[in-house]
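Written out below as structure tokens is the structure these notes cover.
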Amino acid sequence: YEIRLSLVGSEMCIRDSLLIGICVDLHPFKQAKYRPWITLSVPITMLGVFLLYLPNNNDISSTYIFIAGLIMYSGYTLANLTHQAWGAESLAGTPRQSTFFGYREICLIIGIVIAYAIPAIVEINGGKDYESKVNAIGYFLLITLPIFAVFTLISLKDVKTSPENKERFSWKKTKNVIFDKNILNIVIAKLLFFLGLISAAALSSFLVKHYFHLGDYFARIQAIYFVTAMLFVFIWMALAKKYGEKKTLKIAVGFMVLGHLSVLIPVASPNVTTLTLHYFLAGAGFGAGPFLLRAMAANEATWIDNNTDNNARGVIFGMITLFEKLGGALAIIVTLPMLEFLGFNAKADIGDSVASPILYLYLFVPIISYLVIFCLLYTSDA
């Protein structure tokens with residue numbers, strides 16, 4: 001119940017993503033556009049991290065978790081979309097936009113790997129209980145967040161605010177941006193990508209354990225997935241520079257579909273080779289989707305800025321954040337209840353009668369999502 005309540009708090013922040021984007025576009029600060037928002041997001045996020053990862057056990061309640069999750073996700077959302085809009089505007093009209101989002105994706109993947117590694121390191125050093133592992137992640141975030149924030153604020157030039165820039169924001173034009181066909185195609189593709197990605201992630205441990213019967217290999221397979229994703233980002237960046245983000249994304253979506261279909265390779269029994277090939281192909285595709293869609297959104301924002309004189313990058317990346325999180329939420333809403341409907345119990349021993357439906361569910365939701373993305377790419381001019 002507490003976890004669901006925390007998710008409700010995070011979903012409230014998701015709905016606020018568009019509002020935060022509008023606030024960023026309003027230019028409320030006198031001298032700078034993006035730096036003040038990043039500065040504001042750091043203490044908010046740190047407070048949420050402290051409350052969520054380093055709680056006083058006597059204070060923990062449903063309300064406590066709800067408030068802590070709300071604070072942390074609010075700060076994260078503010079920092080996330082501001083950083084994307086800042087990079088997109090700073091590099092507007094240059095081929096370096098996809099490179100920026102590519103390197104940003106690499107940093108995100110490294111962060112995910114570190115988050116996985118911290119509990120393992122704590123356990124190796126004698127910290128067996130769950131609380132010490134969670135606390136270690138909290139301390140890591142509290143130390144690194146201000147360091148990287150200060151580095152960002154010092155090393156990057158902000159977009160200076162002027163009366164002319166403020167006058168360029170228009171509620172009417174912003175409404176047109178929200179319902180722009182190309183923008184809607186991009187954000188819907190973002191939703192579908194995370195619907196497929198998170199549904200697969202939610203089911204992957206069950207698939208490895210109950211279908212492949214290789215539960216002991218799960219950590220190693222995850223390592224292959226993330227390392228492949230990180231390395232392939234460099235390949236996708238090179239392809240995007242030569243062929244454009246749209247064509248490159250089509251290839252990446254094809255990798256994702258092939259990756260999921262690879263688990264059906266006919267062998268005497270599901271084995272390590274099949275599983276490794278699957279996670280290699282899926283990881284290769286995963287490295288492309290998020291950053292290429294963001295780069296496409298940045299390109300579209302530049303076109304809108306140049307042709308309609310409406311700088312709505314905050315709104316556009318607010319929509320990106322909104323639909324990205326909605327895709328993840330829908331994945332949990334779709335997959336876990338369906339598992340329960342199939343009679344799956346993670347704590348109980350199950351037979352092949354339930355293992356096979358896990359496979360079909362693992363294949364169906366992601367593959368349908370990726371194929372719809374492929375169709376959207378053909379209808380979009382972005």
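If you're wondering about the labels, chains in the structure tokens are A, B, ... by order shown, residues count from 1 in each chain, ligands from 1 in order shown.
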
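Near segment 247-252 of chain A, within a cut-off of 9 Å and counting only C-alpha atoms, sit the residues Trp236, Met237, Leu239, Ala240, Tyr243, Gly244, Phe255, Met256, Val257, Ala284, Gly285, Phe286, Gly287, Ala288, Gly289, Leu292, Leu293, Ile373, Phe374 and Leu377 of chain A, with same-chain residues fewer than 3 positions away left out.
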
Check: Which residues, written as a list in words, have at least one atom at most 7 Å from segment 44-61 of chain A, with only C-alpha atoms counted and residues fewer than 4 positions away on the same chain left out?
Finding: Leu40, Ile65, Ala68, Gly69, Ile71, Met72, Gly75, Tyr76, Val134, Asn135, Gly138 and Leu142 of chain A

Could those selected residues go to a file with C-alpha atoms, as a PDB file, in the first residue's frame?
```pdb
ATOM      1  CA  LEU A  40      16.148  25.458  -7.214  1.00  0.00           C
ATOM      2  CA  ILE A  65       6.144   8.061   1.973  1.00  0.00           C
ATOM      3  CA  ALA A  68       8.732  12.204   0.474  1.00  0.00           C
ATOM      4  CA  GLY A  69       8.068  10.726  -2.984  1.00  0.00           C
ATOM      5  CA  ILE A  71       9.124  16.105  -3.009  1.00  0.00           C
ATOM      6  CA  MET A  72      11.829  13.973  -4.609  1.00  0.00           C
ATOM      7  CA  GLY A  75      12.808  18.177  -7.765  1.00  0.00           C
ATOM      8  CA  TYR A  76      13.911  15.500 -10.222  1.00  0.00           C
ATOM      9  CA  VAL A 134      18.956   1.824   0.877  1.00  0.00           C
ATOM     10  CA  ASN A 135      20.826   4.219   3.172  1.00  0.00           C
ATOM     11  CA  GLY A 138      20.801   7.895  -0.173  1.00  0.00           C
ATOM     12  CA  LEU A 142      23.274  13.438  -1.291  1.00  0.00           C
TER      13      LEU A 142
END
```

Note to self: Counting only C-alpha atoms, which residue out of A:Ala85, A:Ile367, A:Ile118, A:Ile110 sits closest to Thr228 of chain A?
What the structure shows: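 Nearest candidate to Thr228 of chain A out of A:Ala85, A:Ile367, A:Ile118, A:Ile110: A:Ile110.
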
Check: What separation in Å, quoted to one decimal, exists between atom CA of Asn271 of chain A and atom CA of Leu361 of chain A?
Finding: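 Taking atom CA of Asn271 of chain A as the start and atom CA of Leu361 of chain A as the end point, the length is 19.6 Å.
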
Notebook entry, point to check: What lies within 10 Å of segment 319-331 of chain A using only C-alpha atoms, ignoring chain neighbours under 2 positions off, as a PyMOL selection string?
Noted result: chain A and resi 7+10-11+13-19+21+77-78+80-81+84+178+183-184+186-202+290+293-294+297+313-317+333-336+365-366
